[in-house]
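Asks: Okay, so here is work11.cif, and as you'll see once you scroll down, it has mmCIF, C-alpha atoms.
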data_data
loop_
_atom_site.label_atom_id
_atom_site.label_comp_id
_atom_site.auth_asym_id
_atom_site.auth_seq_id
_atom_site.Cartn_x
_atom_site.Cartn_y
_atom_site.Cartn_z
CA MET L 218 -2.43 -3.92 3.19
CA LEU L 219 -1.26 -0.32 3.47
CA ALA L 220 -1.29 2.33 0.75
CA VAL L 221 0.53 5.67 0.78
CA ASP L 222 0.42 8.77 -1.41
CA VAL L 223 4.00 9.39 -2.56
CA ARG L 224 3.42 12.58 -4.61
CA ARG L 225 5.14 14.83 -2.07
CA GLY L 226 8.25 12.66 -1.91
CA LEU L 227 8.47 12.40 -5.69
CA ARG L 228 8.25 16.19 -5.99
CA GLN L 229 11.19 16.40 -3.57
CA GLY L 230 13.29 14.16 -5.83
CA CYS L 231 12.88 10.86 -3.96
CA THR L 232 12.46 7.55 -5.71
CA VAL L 233 9.15 5.74 -5.23
CA THR L 234 10.82 3.38 -2.75
CA GLN L 235 12.34 6.24 -0.75
CA ALA L 236 9.05 8.16 -0.69
CA ALA L 237 7.09 5.08 0.40
CA SER L 238 9.61 4.16 3.11
CA ARG L 239 9.45 7.45 5.00
CA ALA L 240 7.60 7.92 8.29
CA TRP L 241 3.83 7.45 7.94
CA ARG L 242 1.23 8.02 10.64
CA TYR L 243 -0.27 4.64 11.43
CA SER L 244 -1.18 3.28 14.82
CA GLU L 245 0.81 0.44 16.34
CA GLN L 246 -2.26 -1.78 16.02
CA THR L 247 -2.68 -0.95 12.32
CA VAL L 248 0.95 -1.78 11.61
CA ALA L 249 0.69 -5.03 13.57
CA GLN L 250 -2.47 -6.11 11.71
CA HIS L 251 -2.00 -4.76 8.18
CA ALA L 252 1.68 -4.13 7.48
CA ASP L 253 2.43 -7.04 5.20
CA PHE L 254 2.37 -5.20 1.86
CA LEU L 255 2.44 -1.53 0.91
CA LEU L 256 1.20 0.08 -2.29
CA ALA L 257 2.48 3.51 -3.36
CA PHE L 258 0.09 5.73 -5.30
CA VAL L 259 -0.08 9.17 -6.91
CA ASP L 260 -2.83 11.40 -8.33
CA GLY L 261 -6.15 9.69 -8.72
CA GLY L 262 -4.95 6.64 -6.81
CA VAL L 263 -2.73 5.30 -9.59
CA CYS L 264 -0.35 2.63 -8.29
CA VAL L 265 3.34 3.42 -8.86
CA GLY L 266 4.92 0.91 -6.47
CA ALA L 267 4.15 -2.45 -4.88
CA PHE L 268 6.24 -3.61 -1.94
CA LYS L 269 6.54 -6.28 0.71
CA ILE L 270 7.18 -4.74 4.11
CA ALA L 271 10.33 -6.46 5.37
CA ASP L 272 10.45 -4.48 8.62
CA SER L 273 9.06 -1.39 10.30
CA ALA L 274 10.13 0.86 13.13
CA SER L 275 8.39 3.69 14.93
CA ASP L 276 10.08 7.08 14.94
CA ALA L 277 10.18 9.76 17.65
CA ASP L 278 7.18 11.58 16.10
CA GLY L 279 4.84 8.58 16.24
CA GLY L 280 5.16 7.58 12.61
CA TYR L 281 6.41 4.34 11.09
CA VAL L 282 9.35 3.97 8.75
CA PHE L 283 9.24 0.90 6.53
CA GLU L 284 11.94 -1.30 5.05
CA LEU L 285 10.50 -2.22 1.66
CA THR L 286 11.35 -4.73 -1.03
CA PRO L 287 9.59 -4.76 -4.42
CA THR L 288 7.14 -7.62 -4.69
CA PRO L 289 6.38 -9.41 -7.95
CA ARG L 290 3.04 -10.49 -6.48
CA PHE L 291 1.41 -7.11 -7.20
CA GLN L 292 3.37 -5.88 -10.22
CA TRP L 293 0.19 -6.22 -12.26
CA ALA L 294 -1.23 -3.24 -10.31
CA LEU L 295 1.43 -0.77 -11.50
CA GLY L 296 -0.27 1.92 -13.56
CA GLU L 297 -3.72 0.80 -12.42
CA ARG L 298 -6.14 2.83 -10.32
CA LEU L 299 -6.40 1.45 -6.77
CA PRO L 300 -9.76 0.94 -5.03
CA LEU L 301 -8.78 3.22 -2.14
CA PRO L 302 -11.05 3.97 0.77
CA PRO L 303 -12.40 7.53 0.65
CA GLY L 304 -10.57 10.35 2.38
CA ARG L 305 -7.70 12.76 2.03
CA ASN L 306 -5.27 11.05 4.37
CA PRO L 307 -2.07 10.18 2.46
CA ALA L 308 -1.70 7.00 4.56
CA ARG L 309 -4.54 4.54 3.95
CA ILE L 310 -5.44 1.00 4.91
CA LEU L 311 -6.92 -1.41 2.36
CA THR L 312 -9.29 -3.71 4.21
CA GLY L 313 -12.71 -5.23 3.63
CA GLN L 314 -14.36 -4.39 0.32
CA HIS L 315 -11.43 -2.22 -0.84
CA LEU L 316 -8.92 -5.02 -0.33
CA ARG L 317 -11.27 -7.55 -1.94
CA ALA L 318 -11.74 -5.26 -4.98
CA PHE L 319 -7.96 -4.91 -5.30
CA LEU L 320 -7.28 -8.65 -5.02
CA ASP L 321 -10.13 -9.50 -7.42
CA ALA L 322 -8.64 -7.13 -10.04
CA ASP L 323 -5.53 -9.34 -10.34
CA PRO L 324 -5.66 -10.73 -13.89
CA HIS L 325 -3.85 -13.87 -12.72
CA TYR L 326 -6.18 -14.54 -9.78
CA THR L 327 -7.94 -17.86 -9.87
CA PRO L 328 -10.31 -18.62 -7.01
CA ARG L 329 -9.81 -21.90 -5.25
CA PRO L 330 -12.66 -24.42 -5.62
CA GLY L 331 -15.57 -23.36 -3.44
CA GLN L 332 -14.61 -19.66 -3.46
CA ASP L 333 -16.54 -16.98 -5.28
#
Will you turn the file into structure tokens for me?
Replies:
Amino acid sequence: MLAVDVRRGLRQGCTVTQAASRAWRYSEQTVAQHADFLLAFVDGGVCVGAFKIADSASDADGGYVFELTPTPRFQWALGERLPLPPGRNPARILTGQHLRAFLDADPHYTPRPGQD
């Protein structure tokens, strides 16, 4: 799962979807492995958008532009603080413990039998 800081785009008058769709610096491998969903966040890591990545394309500057569709799966996260990995990079990857913390925060999540 990818997460991007959309503050700059919002300040420029973009919608959350437009700001989240713009070119982001991710490696080809990262996009191939983690570009299923994208969360948009602002100050303090507050989620302002949850999207399914329908498609992606690299641009001439080495960034990726995403075609996004809102996803009902993560609407519960809107307005919530995301468990983002540390750092200042506006383009983040939620994996490992950060992804697990996010998924476990879903109020509708019910583990399957045999899962913690």
Asks: Please determine, counting all atoms listed in the file, which residue among L:Thr232, L:Gln250, L:Ser273, L:Gln314 has the shortest atom-to-atom distance to Leu285 (chain L).
Replies: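 Closest to Leu285 (chain L), using all atoms listed in the file: L:Ser273.
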Asks: Using all atoms listed in the file, which of L:Asn306, L:Thr247, L:Gln292, L:Thr286 sits nearest Gln235 (chain L)?
Replies: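 Residue with the minimum atom-to-atom distance to Gln235 (chain L): L:Thr286.
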Asks: Taking all atoms listed in the file into account, name the residue in L:Ala249, L:Leu311, L:Ala277, L:Val282 that is nearest to Ala237 (chain L).
Replies: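 Residue with the minimum atom-to-atom distance to Ala237 (chain L): L:Val282.
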Asks: Closest to Gly296 (chain L) among L:Ala236, L:Met218, L:Val263, L:Leu256, using only C-alpha atoms?
Replies: L:Val263
Asks: Apply the PyMOL selection byres ((chain L and resi 316) around 10) to the displayed file and report the matching residues as a ChimeraX atom specification.
Replies: /L:218-219,299-302,310-315,317-322
Asks: Just how far from CA of Gly266 (chain L) is CA of Pro324 (chain L), in Å to one decimal?
Replies: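 Distance between the two atoms: 17.4 Å.
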Asks: With 5 Å of padding per side, what axis-aligned box (centre and edge lengths, Å, one decimal) covers all the listed atoms of region 267-273 of chain L? Give it as lines of an AutoDock Vina configuration file.
Replies:
center_x = 7.3
center_y = -3.9
center_z = 2.7
size_x = 16.3
size_y = 15.1
size_z = 25.2
